[in-house]
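S.K.: Handing over target_22.tsv, TSV, C-alpha atoms.
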chain	number	residue	atom	x	y	z
A	1	MET	CA	11.43	22.41	-107.00
A	2	ASP	CA	8.58	24.85	-106.06
A	3	ASP	CA	6.25	24.77	-103.06
A	4	SER	CA	3.41	23.27	-105.13
A	5	THR	CA	5.23	19.94	-105.59
A	6	PRO	CA	3.67	17.24	-103.41
A	7	LYS	CA	5.98	15.84	-100.70
A	8	SER	CA	5.25	12.29	-101.86
A	9	LEU	CA	6.51	13.22	-105.35
A	10	GLU	CA	9.77	14.62	-103.91
A	11	LYS	CA	10.71	11.15	-102.66
A	12	VAL	CA	9.88	9.60	-106.02
A	13	ILE	CA	12.14	11.84	-108.13
A	14	LYS	CA	14.99	12.31	-105.63
A	15	ILE	CA	18.32	11.38	-107.31
A	16	ASP	CA	21.26	9.87	-105.45
A	17	GLU	CA	24.13	11.14	-107.59
A	18	GLU	CA	26.80	9.18	-105.69
A	19	ARG	CA	25.03	5.87	-106.28
A	20	ILE	CA	24.60	6.70	-109.95
A	21	ARG	CA	28.35	7.46	-110.29
A	22	ASP	CA	29.20	4.20	-108.54
A	23	HIS	CA	26.83	2.30	-110.81
A	24	LEU	CA	28.27	3.90	-113.94
A	25	GLY	CA	31.76	3.12	-112.68
A	26	GLU	CA	30.85	-0.53	-112.27
A	27	ILE	CA	29.39	-0.61	-115.79
A	28	VAL	CA	32.54	0.91	-117.31
A	29	ARG	CA	34.80	-1.36	-115.27
A	30	GLY	CA	32.78	-4.42	-116.27
A	31	THR	CA	32.92	-3.43	-119.94
A	32	VAL	CA	36.70	-2.93	-119.82
A	33	GLU	CA	37.14	-6.29	-118.07
A	34	GLU	CA	34.91	-8.10	-120.57
A	35	THR	CA	36.67	-6.51	-123.55
A	36	LEU	CA	40.17	-7.36	-122.31
A	37	ASN	CA	39.22	-10.97	-121.52
A	38	GLY	CA	37.65	-11.31	-124.95
A	39	MET	CA	40.86	-10.05	-126.57
A	40	LEU	CA	42.96	-12.49	-124.51
A	41	ASP	CA	40.76	-15.41	-125.56
A	42	ALA	CA	41.01	-14.36	-129.20
A	43	GLU	CA	44.80	-14.20	-128.96
A	44	ALA	CA	44.91	-17.65	-127.35
A	45	ASP	CA	42.78	-18.98	-130.24
A	46	ARG	CA	45.21	-17.49	-132.72
A	47	LEU	CA	48.21	-19.11	-130.99
A	48	CYS	CA	46.44	-22.48	-130.95
A	49	SER	CA	45.19	-22.04	-134.54
A	50	ALA	CA	41.77	-23.15	-133.30
A	51	THR	CA	38.99	-21.91	-131.04
A	52	LYS	CA	38.20	-23.46	-127.68
A	53	TYR	CA	36.90	-27.09	-128.04
A	54	GLU	CA	37.21	-26.89	-131.83
A	55	ARG	CA	38.36	-30.05	-133.65
A	56	ASN	CA	40.78	-28.76	-136.23
A	57	PRO	CA	43.59	-30.72	-137.94
A	58	GLY	CA	45.60	-27.48	-138.09
A	59	ARG	CA	45.60	-27.06	-134.29
A	60	VAL	CA	49.14	-26.52	-132.94
A	61	ASP	CA	48.39	-26.27	-129.20
A	62	MET	CA	45.63	-26.81	-126.64
A	63	ARG	CA	44.18	-24.85	-123.75
A	64	ALA	CA	45.11	-25.81	-120.19
A	65	GLY	CA	42.72	-23.61	-118.25
A	66	HIS	CA	43.54	-20.13	-117.05
A	67	TYR	CA	44.80	-18.14	-114.05
A	68	GLN	CA	43.57	-14.81	-112.75
A	69	ARG	CA	45.55	-11.63	-112.29
A	70	LYS	CA	44.63	-8.06	-111.41
A	71	LEU	CA	45.25	-5.04	-113.63
A	72	HIS	CA	44.86	-1.40	-112.59
A	73	THR	CA	43.25	0.60	-115.38
A	74	LYS	CA	41.87	4.13	-115.64
A	75	ALA	CA	38.41	2.57	-115.10
A	76	GLY	CA	39.55	0.85	-111.89
A	77	GLU	CA	40.91	-2.58	-110.98
A	78	VAL	CA	39.80	-5.42	-113.28
A	79	THR	CA	40.30	-9.19	-113.12
A	80	LEU	CA	41.87	-10.85	-116.16
A	81	ASN	CA	41.54	-14.53	-117.03
A	82	MET	CA	44.97	-15.27	-118.48
A	83	PRO	CA	44.85	-18.38	-120.72
A	84	LYS	CA	47.35	-21.20	-120.19
A	85	LEU	CA	48.57	-23.42	-123.04
A	86	ARG	CA	49.89	-27.00	-122.79
A	87	LYS	CA	52.95	-26.76	-125.05
A	88	THR	CA	54.05	-23.13	-124.90
A	89	THR	CA	53.93	-20.20	-122.48
A	90	PHE	CA	51.13	-17.80	-123.28
A	91	GLU	CA	52.72	-14.49	-124.30
A	92	THR	CA	50.30	-11.70	-125.13
A	93	ALA	CA	50.91	-8.43	-126.92
A	94	ILE	CA	47.85	-6.97	-125.18
A	95	ILE	CA	49.17	-7.04	-121.60
A	96	GLU	CA	52.88	-7.37	-120.89
A	97	ARG	CA	53.84	-10.28	-118.69
A	98	TYR	CA	53.91	-9.35	-114.97
A	99	ARG	CA	52.45	-5.89	-115.70
A	100	ARG	CA	50.02	-4.81	-113.02
A	101	ARG	CA	49.03	-1.39	-114.34
A	102	GLU	CA	47.84	0.06	-117.59
A	103	ALA	CA	50.55	2.22	-119.21
A	104	SER	CA	48.38	5.34	-118.96
A	105	VAL	CA	47.99	4.77	-115.22
A	106	GLU	CA	51.76	4.53	-114.78
A	107	GLU	CA	52.25	7.70	-116.82
A	108	SER	CA	49.68	9.49	-114.67
A	109	LEU	CA	51.48	8.45	-111.48
A	110	ILE	CA	54.79	9.73	-112.81
A	111	GLU	CA	53.27	13.00	-114.02
A	112	MET	CA	51.63	13.62	-110.65
A	113	TYR	CA	54.87	13.04	-108.76
A	114	LEU	CA	57.00	15.19	-111.05
A	115	ALA	CA	54.38	17.95	-111.07
A	116	GLY	CA	54.80	18.38	-107.31
A	117	VAL	CA	52.31	15.99	-105.71
A	118	SER	CA	53.68	14.27	-102.61
A	119	VAL	CA	53.83	10.46	-102.47
A	120	ARG	CA	51.18	10.37	-99.75
A	121	ARG	CA	48.90	12.54	-101.85
A	122	VAL	CA	49.49	10.29	-104.87
A	123	GLU	CA	48.28	7.34	-102.77
A	124	ASP	CA	45.06	9.19	-101.88
A	125	ILE	CA	44.43	10.28	-105.47
A	126	THR	CA	44.89	6.80	-106.93
A	127	GLU	CA	42.55	5.33	-104.36
A	128	ALA	CA	39.90	7.93	-105.20
A	129	LEU	CA	40.30	7.54	-108.99
A	130	TRP	CA	40.90	3.82	-109.46
A	131	GLY	CA	39.86	2.24	-106.19
A	132	THR	CA	43.37	1.01	-105.33
A	133	LYS	CA	46.20	2.64	-103.40
A	134	VAL	CA	49.76	2.49	-104.72
A	135	SER	CA	52.67	2.17	-102.34
A	136	PRO	CA	55.57	4.64	-102.04
A	137	GLY	CA	57.85	1.88	-103.35
A	138	THR	CA	55.74	1.62	-106.51
A	139	VAL	CA	56.08	5.35	-107.20
A	140	SER	CA	59.83	5.11	-106.57
A	141	ASN	CA	60.23	2.20	-109.00
A	142	LEU	CA	58.26	4.00	-111.69
A	143	ASN	CA	60.41	7.11	-111.27
A	144	LYS	CA	63.55	5.06	-111.84
A	145	LYS	CA	62.36	4.50	-115.42
A	146	VAL	CA	62.04	8.25	-115.90
A	147	TYR	CA	65.39	8.95	-114.29
A	148	LYS	CA	67.16	6.88	-116.94
A	149	ARG	CA	65.79	9.21	-119.62
A	150	ILE	CA	66.61	12.24	-117.47
A	151	GLU	CA	70.22	11.09	-117.15
A	152	GLU	CA	70.47	10.75	-120.94
A	153	TRP	CA	68.98	14.25	-121.35
A	154	ARG	CA	71.47	15.73	-118.86
A	155	ASN	CA	74.40	14.47	-120.92
A	156	LEU	CA	73.21	15.36	-124.43
A	157	PRO	CA	75.71	17.36	-126.51
A	158	ILE	CA	75.21	21.14	-126.43
A	159	VAL	CA	74.61	22.27	-130.01
A	160	GLY	CA	75.39	25.74	-131.32
A	161	THR	CA	76.93	28.76	-129.63
A	162	HIS	CA	75.54	30.48	-126.53
A	163	PRO	CA	76.78	34.08	-126.10
A	164	TYR	CA	74.87	34.54	-122.82
A	165	VAL	CA	75.00	31.99	-120.00
A	166	TYR	CA	73.21	32.27	-116.63
A	167	LEU	CA	74.48	30.29	-113.63
A	168	ASP	CA	72.97	29.71	-110.21
A	169	GLY	CA	72.73	27.11	-107.45
A	170	ILE	CA	70.18	25.93	-104.94
A	171	ALA	CA	70.77	24.19	-101.61
A	172	LEU	CA	68.60	21.15	-100.76
A	173	LYS	CA	68.56	18.88	-97.71
A	174	ARG	CA	69.76	15.29	-97.72
A	175	SER	CA	70.17	12.65	-95.03
A	176	TRP	CA	73.77	11.69	-94.48
A	177	GLY	CA	74.94	9.29	-91.75
A	178	GLY	CA	71.88	10.00	-89.64
A	179	GLU	CA	72.32	13.75	-90.06
A	180	VAL	CA	70.65	16.21	-92.39
A	181	LYS	CA	73.17	18.09	-94.52
A	182	ASN	CA	73.07	20.39	-97.53
A	183	VAL	CA	73.60	19.38	-101.13
A	184	SER	CA	73.90	22.00	-103.88
A	185	ILE	CA	72.23	21.67	-107.27
A	186	LEU	CA	73.97	23.82	-109.90
A	187	VAL	CA	72.01	24.96	-112.96
A	188	ALA	CA	72.96	26.70	-116.22
A	189	ILE	CA	70.73	28.15	-118.93
A	190	GLY	CA	71.89	29.91	-122.07
A	191	VAL	CA	70.67	32.16	-124.85
A	192	ALA	CA	71.77	30.89	-128.23
A	193	SER	CA	72.84	33.09	-131.11
A	194	ASP	CA	69.30	32.88	-132.57
A	195	GLY	CA	67.85	34.44	-129.40
A	196	PHE	CA	66.17	31.32	-127.98
A	197	ARG	CA	67.00	30.22	-124.45
A	198	GLU	CA	67.46	26.64	-123.29
A	199	VAL	CA	68.60	24.65	-120.29
A	200	LEU	CA	72.29	23.82	-120.69
A	201	GLY	CA	72.93	21.64	-117.68
A	202	ILE	CA	72.22	20.64	-114.10
A	203	CYS	CA	74.66	18.89	-111.77
A	204	GLU	CA	75.13	18.04	-108.14
A	205	GLY	CA	77.78	19.90	-106.16
A	206	ALA	CA	78.81	19.30	-102.57
A	207	LYS	CA	78.46	23.04	-102.09
A	208	GLU	CA	78.68	26.23	-104.14
A	209	ASP	CA	82.46	26.59	-103.96
A	210	LYS	CA	85.33	26.58	-106.44
A	211	ALA	CA	85.47	22.77	-106.62
A	212	GLY	CA	81.75	22.54	-107.34
A	213	TRP	CA	81.79	25.22	-110.03
A	214	THR	CA	84.94	23.78	-111.60
A	215	SER	CA	83.29	20.37	-111.93
A	216	PHE	CA	80.11	21.90	-113.36
A	217	LEU	CA	81.87	24.12	-115.91
A	218	ARG	CA	84.03	21.17	-116.97
A	219	HIS	CA	80.84	19.19	-117.54
A	220	LEU	CA	79.39	21.97	-119.74
A	221	LYS	CA	82.64	22.41	-121.66
A	222	LYS	CA	82.97	18.68	-122.29
A	223	ARG	CA	79.43	18.55	-123.72
A	224	GLY	CA	80.25	21.30	-126.21
A	225	LEU	CA	79.38	24.68	-124.69
A	226	THR	CA	81.09	27.30	-126.89
A	227	GLY	CA	80.82	30.93	-127.94
A	228	VAL	CA	80.27	32.24	-124.41
A	229	LYS	CA	80.63	36.04	-124.32
A	230	LEU	CA	78.97	36.88	-120.99
A	231	VAL	CA	78.19	34.88	-117.85
A	232	ILE	CA	75.54	36.28	-115.50
A	233	SER	CA	75.44	35.06	-111.89
A	234	ASP	CA	75.61	36.02	-108.26
A	235	ALA	CA	79.02	36.55	-106.63
A	236	CYS	CA	79.43	32.84	-105.84
A	237	LEU	CA	82.55	31.64	-104.09
A	238	GLY	CA	85.15	30.45	-106.60
A	239	LEU	CA	82.97	31.01	-109.67
A	240	THR	CA	85.04	33.75	-111.33
A	241	GLU	CA	88.24	31.73	-110.88
A	242	SER	CA	86.64	28.68	-112.50
A	243	LEU	CA	85.30	30.80	-115.37
A	244	ALA	CA	88.78	32.08	-116.14
A	245	GLU	CA	89.99	28.50	-116.39
A	246	PHE	CA	87.34	27.16	-118.79
A	247	PHE	CA	86.01	30.27	-120.58
A	248	PRO	CA	88.84	32.83	-120.44
A	249	ASP	CA	87.32	35.05	-123.15
A	250	ALA	CA	83.96	35.39	-121.37
A	251	ALA	CA	83.10	38.50	-119.35
A	252	TRP	CA	81.28	38.25	-116.04
A	253	GLN	CA	78.18	40.19	-115.02
A	254	ARG	CA	77.19	40.20	-111.37
A	255	CYS	CA	73.42	40.09	-110.91
A	256	THR	CA	72.31	43.59	-109.90
A	257	VAL	CA	69.43	42.30	-107.78
A	258	HIS	CA	71.74	40.14	-105.67
A	259	PHE	CA	74.13	43.09	-105.43
A	260	TYR	CA	71.35	45.30	-104.07
A	261	ARG	CA	70.47	42.69	-101.44
A	262	ASN	CA	74.10	42.50	-100.42
A	263	VAL	CA	74.22	46.28	-99.88
A	264	PHE	CA	70.87	46.28	-98.04
A	265	SER	CA	72.28	43.79	-95.53
A	266	VAL	CA	74.33	46.60	-93.96
A	267	VAL	CA	71.68	49.33	-94.25
A	268	PRO	CA	69.14	50.09	-91.47
A	269	SER	CA	65.63	49.03	-92.49
A	270	GLY	CA	64.36	52.61	-92.37
A	271	LYS	CA	66.86	53.72	-95.00
A	272	VAL	CA	66.61	50.76	-97.41
A	273	ARG	CA	64.04	52.42	-99.68
A	274	GLY	CA	66.17	55.52	-100.17
A	275	VAL	CA	69.33	53.50	-100.81
A	276	ALA	CA	67.43	51.35	-103.33
A	277	VAL	CA	66.48	54.45	-105.33
A	278	MET	CA	70.12	55.56	-105.37
A	279	LEU	CA	71.40	52.17	-106.57
A	280	LYS	CA	68.76	51.86	-109.29
A	281	ALA	CA	69.77	55.31	-110.56
A	282	ILE	CA	73.26	53.95	-111.23
A	283	HIS	CA	71.94	51.20	-113.51
A	284	ALA	CA	69.53	53.57	-115.24
A	285	SER	CA	72.42	55.58	-116.71
A	286	GLU	CA	72.73	55.99	-120.47
A	287	ASP	CA	76.21	54.43	-120.70
A	288	LYS	CA	78.98	52.88	-118.62
A	289	GLU	CA	80.89	56.11	-118.02
A	290	ALA	CA	77.76	57.85	-116.74
A	291	ALA	CA	77.01	54.86	-114.48
A	292	GLN	CA	80.50	54.96	-112.98
A	293	GLU	CA	80.20	58.69	-112.38
A	294	LYS	CA	76.80	58.18	-110.74
A	295	ALA	CA	78.27	55.41	-108.57
A	296	ARG	CA	80.95	57.75	-107.25
A	297	ALA	CA	78.27	60.26	-106.33
A	298	VAL	CA	76.27	57.54	-104.55
A	299	VAL	CA	79.33	56.43	-102.57
A	300	SER	CA	79.89	60.00	-101.44
A	301	LYS	CA	76.27	60.38	-100.42
A	302	LEU	CA	76.27	57.09	-98.49
A	303	LYS	CA	79.30	58.28	-96.53
A	304	ASP	CA	77.48	61.52	-95.71
A	305	MET	CA	74.57	59.40	-94.45
A	306	LYS	CA	76.98	57.59	-92.09
A	307	LEU	CA	76.55	54.34	-94.05
A	308	ALA	CA	80.22	53.53	-94.40
A	309	ALA	CA	79.75	49.77	-94.81
A	310	ALA	CA	77.25	50.26	-97.66
A	311	ALA	CA	79.51	52.83	-99.30
A	312	ARG	CA	82.42	50.40	-99.14
A	313	LYS	CA	80.40	47.62	-100.78
A	314	VAL	CA	79.32	49.90	-103.62
A	315	GLU	CA	82.81	51.27	-104.13
A	316	GLU	CA	84.44	47.84	-104.20
A	317	SER	CA	81.89	45.90	-106.29
A	318	ILE	CA	79.95	48.31	-108.51
A	319	ASP	CA	82.11	47.65	-111.57
A	320	GLU	CA	81.16	43.96	-111.42
A	321	THR	CA	77.54	44.99	-112.07
A	322	LEU	CA	78.27	47.25	-115.06
A	323	THR	CA	79.66	44.70	-117.54
A	324	TYR	CA	76.36	44.55	-119.43
A	325	TYR	CA	77.03	48.06	-120.80
A	326	ASP	CA	79.58	46.49	-123.20
A	327	PHE	CA	76.77	44.66	-125.02
A	328	PRO	CA	73.84	45.81	-127.20
A	329	ALA	CA	71.61	48.33	-125.42
A	330	SER	CA	68.49	46.37	-126.37
A	331	HIS	CA	69.83	43.45	-124.30
A	332	TRP	CA	70.70	45.37	-121.12
A	333	ILE	CA	67.47	44.79	-119.22
A	334	ARG	CA	67.77	41.03	-119.87
A	335	ILE	CA	71.41	40.48	-119.04
A	336	ARG	CA	71.99	42.60	-115.95
A	337	THR	CA	70.12	40.23	-113.59
A	338	ASN	CA	69.81	36.49	-113.06
A	339	ASN	CA	66.00	36.67	-113.17
A	340	PRO	CA	65.54	34.23	-116.10
A	341	LEU	CA	67.17	31.48	-114.05
A	342	GLU	CA	65.53	32.52	-110.78
A	343	ARG	CA	62.17	31.58	-112.30
A	344	LEU	CA	63.36	28.01	-112.83
A	345	MET	CA	65.01	27.81	-109.41
A	346	ARG	CA	61.70	28.73	-107.80
A	347	GLU	CA	60.06	25.84	-109.66
A	348	ILE	CA	62.70	23.45	-108.36
A	349	ARG	CA	62.24	24.79	-104.83
A	350	ARG	CA	58.46	24.46	-105.06
A	351	ARG	CA	58.72	20.85	-106.21
A	352	THR	CA	61.38	19.72	-103.76
A	353	ARG	CA	59.76	21.40	-100.75
A	354	VAL	CA	57.18	18.60	-100.50
A	355	VAL	CA	59.98	16.03	-100.18
A	356	GLY	CA	61.81	17.69	-97.32
A	357	SER	CA	65.03	15.71	-96.92
A	358	PHE	CA	66.31	13.49	-99.74
A	359	PRO	CA	67.93	10.10	-99.04
A	360	ASP	CA	70.97	11.09	-101.12
A	361	GLY	CA	72.29	13.72	-103.48
A	362	HIS	CA	71.45	11.72	-106.61
A	363	SER	CA	67.74	11.63	-105.71
A	364	ALA	CA	67.78	15.40	-105.23
A	365	LEU	CA	69.51	15.86	-108.58
A	366	MET	CA	67.15	13.57	-110.50
A	367	LEU	CA	63.95	15.16	-109.17
A	368	SER	CA	65.31	18.67	-109.76
A	369	ALA	CA	66.38	17.74	-113.29
A	370	ALA	CA	63.02	16.14	-114.03
A	371	ARG	CA	61.17	19.25	-112.92
A	372	LEU	CA	63.58	21.45	-114.86
A	373	ARG	CA	63.05	19.45	-118.03
A	374	HIS	CA	59.28	19.54	-117.56
A	375	VAL	CA	59.20	23.34	-117.19
A	376	ALA	CA	61.72	23.94	-119.98
A	377	GLY	CA	59.54	21.91	-122.34
A	378	THR	CA	56.71	24.44	-122.01
A	379	LYS	CA	56.45	27.92	-123.52
A	380	TRP	CA	59.36	28.98	-121.28
A	381	GLY	CA	61.78	27.44	-123.77
A	382	MET	CA	59.77	28.04	-126.94
A	383	ARG	CA	59.66	31.84	-127.00
A	384	ARG	CA	62.46	33.95	-128.40
A	385	TYR	CA	64.13	35.53	-125.39
A	386	LEU	CA	66.41	38.03	-127.15
A	387	CYS	CA	66.42	39.25	-130.71
A	388	MET	CA	70.05	39.04	-131.82
A	389	GLU	CA	72.54	37.64	-134.23
A	390	LEU	CA	75.99	36.28	-133.37
A	391	LEU	CA	77.61	38.76	-131.00
A	392	SER	CA	81.10	40.17	-131.31
A	393	LEU	CA	83.40	40.17	-128.32
A	394	PRO	CA	82.93	43.01	-125.83
A	395	GLY	CA	84.86	46.06	-126.88
A	396	GLU	CA	84.51	45.35	-130.60
A	397	GLU	CA	81.83	46.65	-132.91
A	398	VAL	CA	78.62	44.81	-132.08
A	399	SER	CA	75.90	44.17	-134.61
A	400	GLU	CA	72.35	43.60	-133.49
A	401	VAL	CA	68.92	42.98	-134.90
A	402	ALA	CA	66.43	45.74	-134.19
Represent the structure of the file as structure tokens.

M.R.:
Amino acid sequence: MDDSTPKSLEKVIKIDEERIRDHLGEIVRGTVEETLNGMLDAEADRLCSATKYERNPGRVDMRAGHYQRKLHTKAGEVTLNMPKLRKTTFETAIIERYRRREASVEESLIEMYLAGVSVRRVEDITEALWGTKVSPGTVSNLNKKVYKRIEEWRNLPIVGTHPYVYLDGIALKRSWGGEVKNVSILVAIGVASDGFREVLGICEGAKEDKAGWTSFLRHLKKRGLTGVKLVISDACLGLTESLAEFFPDAAWQRCTVHFYRNVFSVVPSGKVRGVAVMLKAIHASEDKEAAQEKARAVVSKLKDMKLAAAARKVEESIDETLTYYDFPASHWIRIRTNNPLERLMREIRRRTRVVGSFPDGHSALMLSAARLRHVAGTKWGMRRYLCMELLSLPGEEVSEVA
């Protein structure tokens, strides 16, 4: 508005956008309410085989007034006039009996919670959008419906063969006897023989030890996991022993990134960068023999640098990180680290951080599994991860797709 506009005219054309939005909201809400009540009346007429007050020899029932109930819709809370009949109970296909929310509203609540919105924030959002605030108990009850489907998904049979399997775990907090303790969530993803990756399983473990991994691998084996040629993971306690029990023909690749961190833990901060360059040079070698030779040179150099603890770690564990050399060269960069699974674990951590401490391990498992399924249903699980055909066992002639 320019300076030439009279001040009296400014008051005339001033627009109160908030009042207009409120007015439009009332119009939409009123229209929804009127439409739903009209549909309920029409259904009551159909059940009675006659309209209200109509004298009809074919009438099979009569009206007995109505009762009011509230329904939360995307347009806000509306009041429904539910018809009552004299002879039968009024059952409508429009609104389920005892339902207090439109299905789309319930779906929105569930999506918000699983996407990482805290329960308190869900309350604020629903009040802003629909004029009513849902309780934490309501969100919890809605999630129970989803958890039934999640439990079915967790136990689906594993179809096909998966030459590459990635394993990892994450520690969450749970309340136990008035104390806050850890609960481990174990996760497995795999790359099938067609090159596509998928989530294979997620289970609760008391902790990342041999008993936990044994239970998890038994779960995967029972559901049909076969054709495993290589397992990629960190050096978890008891994992290699459990692997030998359930997948004796599978080789094990220790994640190189976790290995580097383990070595850095005994290296002064001022020398970490130099040691990192030396370790990366090992895994940049053209073949396994060259990598082993480079590792011996690195061990010698670390000893000269007075880093005996780091030299010992490299000398003792470097072979665990070189297993990937027995597989197609085009796959090396993908199978020498646990990075594909780390991406999913970060998503689980991001989602569960807003909860803090879970009431029990099952709640932690269900929310983690729900988030995992949500992420895996996106482009993460739809893109070809590796271009390959069915792999031969390590040490044999391996065929690959260029």

S.K.: Report the distance between CA of Val60 in chain A and CA of Asp45 in chain A in Å, rounded to one decimal place.

M.R.: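 Calculated distance between CA of Val60 in chain A and CA of Asp45 in chain A is 10.2 Å.
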
S.K.: Please provide as a list in words all residues within 6 Å of Arg254 in chain A, with the sequence filter that same-chain residues fewer than 4 positions apart are discarded (counting all atoms listed in the file).

M.R.: Ile232, Ser233, Asp234, Glu320 and Thr321 of chain A

S.K.: Between A:Glu54, A:Glu286, A:Asp319, A:Glu204, which is the closest to Thr256 in chain A once you count only C-alpha atoms?

M.R.: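 Looking at the shortest contact to Thr256 in chain A, the residue is A:Asp319.
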
S.K.: Which of these, A:Thr88, A:Ser285, A:Ser193, A:Thr240, has the shortest distance to Lys210 in chain A once you count all atoms listed in the file?

M.R.: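 Among A:Thr88, A:Ser285, A:Ser193, A:Thr240, it is A:Thr240 that comes nearest to Lys210 in chain A.
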
S.K.: Hey, can you check how far CA of Glu342 in chain A sits from CA of Gly238 in chain A?

M.R.: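 One can read the CA of Glu342 in chain A to CA of Gly238 in chain A distance as 20.2 Å.
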
S.K.: Can you pull out every residue within 9 Å of Cys48 in chain A, counting only C-alpha atoms, but drop anything in the same chain fewer than 5 positions away, and send it as a PyMOL selection string?

M.R.: chain A and resi 43+58-63+85

S.K.: Restricting it to C-alpha atoms, dump the selection as a PDB file, keeping the file's coordinate frame.

M.R.:
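The resulting file, part-v3.pdb, is reproduced below:
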ATOM      1  CA  GLU A  43      44.800 -14.200-128.960  1.00  0.00           C
ATOM      2  CA  GLY A  58      45.600 -27.480-138.090  1.00  0.00           C
ATOM      3  CA  ARG A  59      45.600 -27.060-134.290  1.00  0.00           C
ATOM      4  CA  VAL A  60      49.140 -26.520-132.940  1.00  0.00           C
ATOM      5  CA  ASP A  61      48.390 -26.270-129.200  1.00  0.00           C
ATOM      6  CA  MET A  62      45.630 -26.810-126.640  1.00  0.00           C
ATOM      7  CA  ARG A  63      44.180 -24.850-123.750  1.00  0.00           C
ATOM      8  CA  LEU A  85      48.570 -23.420-123.040  1.00  0.00           C
TER       9      LEU A  85
END

S.K.: For Met305 in chain A, which of A:Pro268, A:Gly227, A:Trp252, A:Leu239 is the closest residue, counting only C-alpha atoms?

M.R.: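 Checking each of A:Pro268, A:Gly227, A:Trp252, A:Leu239 against Met305 in chain A, counting only C-alpha atoms, the winner is A:Pro268.
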
S.K.: What does the structure give for the distance between CA of Asp209 in chain A and CA of Cys236 in chain A, in Å to one decimal?

M.R.: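 Calculated distance between CA of Asp209 in chain A and CA of Cys236 in chain A is 7.2 Å.
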
S.K.: Can you list, as a compact mmCIF listing (two decimals) with C-alpha atoms, in the frame of the given file, every protein, DNA or RNA residue that comes within 12 Å of Leu172 in chain A when you count all atoms listed in the file, leaving out same-chain residues fewer than 4 positions away?

M.R.:
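Done, and the output landed in selection-v1.txt:
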# COMPACT_ATOMS: atom_id res chain seq x y z
CA VAL A 180 70.65 16.21 -92.39
CA LYS A 181 73.17 18.09 -94.52
CA ASN A 182 73.07 20.39 -97.53
CA VAL A 183 73.60 19.38 -101.13
CA SER A 184 73.90 22.00 -103.88
CA ILE A 185 72.23 21.67 -107.27
CA LEU A 186 73.97 23.82 -109.90
CA GLU A 204 75.13 18.04 -108.14
CA GLY A 205 77.78 19.90 -106.16
CA ALA A 206 78.81 19.30 -102.57
CA LYS A 207 78.46 23.04 -102.09
CA GLU A 208 78.68 26.23 -104.14
CA MET A 345 65.01 27.81 -109.41
CA ILE A 348 62.70 23.45 -108.36
CA ARG A 349 62.24 24.79 -104.83
CA ARG A 350 58.46 24.46 -105.06
CA ARG A 351 58.72 20.85 -106.21
CA THR A 352 61.38 19.72 -103.76
CA ARG A 353 59.76 21.40 -100.75
CA VAL A 354 57.18 18.60 -100.50
CA VAL A 355 59.98 16.03 -100.18
CA GLY A 356 61.81 17.69 -97.32
CA SER A 357 65.03 15.71 -96.92
CA PHE A 358 66.31 13.49 -99.74
CA PRO A 359 67.93 10.10 -99.04
CA ASP A 360 70.97 11.09 -101.12
CA GLY A 361 72.29 13.72 -103.48
CA HIS A 362 71.45 11.72 -106.61
CA SER A 363 67.74 11.63 -105.71
CA ALA A 364 67.78 15.40 -105.23
CA LEU A 365 69.51 15.86 -108.58
CA LEU A 367 63.95 15.16 -109.17
CA SER A 368 65.31 18.67 -109.76

S.K.: When you count all atoms listed in the file, which of these residues is closest to Cys255 in chain A: A:Ala290, A:Met366, A:Ile333, A:Ile170?

M.R.: A:Ile333

S.K.: What's around Leu307 in chain A at 12 Å? Count only C-alpha atoms, leave out sequence neighbours fewer than 3 positions away in its own chain, and write the answer as a list in words.

M.R.: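 My list of contacting residues is Val263, Phe264, Ser265, Val266, Val267, Pro268, Lys271, Val272, Val275, Val298, Val299, Ser300, Lys301, Leu302, Lys303, Asp304, Ala310, Ala311, Arg312, Lys313 and Val314 of chain A.
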
S.K.: Write a file of the just-selected residues containing C-alpha atoms, as an mmCIF file, in the coordinates of the input.

M.R.:
data_model
loop_
_atom_site.group_PDB
_atom_site.id
_atom_site.type_symbol
_atom_site.label_atom_id
_atom_site.label_comp_id
_atom_site.auth_asym_id
_atom_site.auth_seq_id
_atom_site.Cartn_x
_atom_site.Cartn_y
_atom_site.Cartn_z
ATOM 1 C CA VAL A 263 74.220 46.280 -99.880
ATOM 2 C CA PHE A 264 70.870 46.280 -98.040
ATOM 3 C CA SER A 265 72.280 43.790 -95.530
ATOM 4 C CA VAL A 266 74.330 46.600 -93.960
ATOM 5 C CA VAL A 267 71.680 49.330 -94.250
ATOM 6 C CA PRO A 268 69.140 50.090 -91.470
ATOM 7 C CA LYS A 271 66.860 53.720 -95.000
ATOM 8 C CA VAL A 272 66.610 50.760 -97.410
ATOM 9 C CA VAL A 275 69.330 53.500 -100.810
ATOM 10 C CA VAL A 298 76.270 57.540 -104.550
ATOM 11 C CA VAL A 299 79.330 56.430 -102.570
ATOM 12 C CA SER A 300 79.890 60.000 -101.440
ATOM 13 C CA LYS A 301 76.270 60.380 -100.420
ATOM 14 C CA LEU A 302 76.270 57.090 -98.490
ATOM 15 C CA LYS A 303 79.300 58.280 -96.530
ATOM 16 C CA ASP A 304 77.480 61.520 -95.710
ATOM 17 C CA ALA A 310 77.250 50.260 -97.660
ATOM 18 C CA ALA A 311 79.510 52.830 -99.300
ATOM 19 C CA ARG A 312 82.420 50.400 -99.140
ATOM 20 C CA LYS A 313 80.400 47.620 -100.780
ATOM 21 C CA VAL A 314 79.320 49.900 -103.620
#

S.K.: Nearest to Leu230 in chain A among A:Arg336, A:Arg69, A:Lys52, A:Arg383, with distances taken over all atoms listed in the file: which residue is it?

M.R.: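 Ranking A:Arg336, A:Arg69, A:Lys52, A:Arg383 by distance to Leu230 in chain A, first place goes to A:Arg336.
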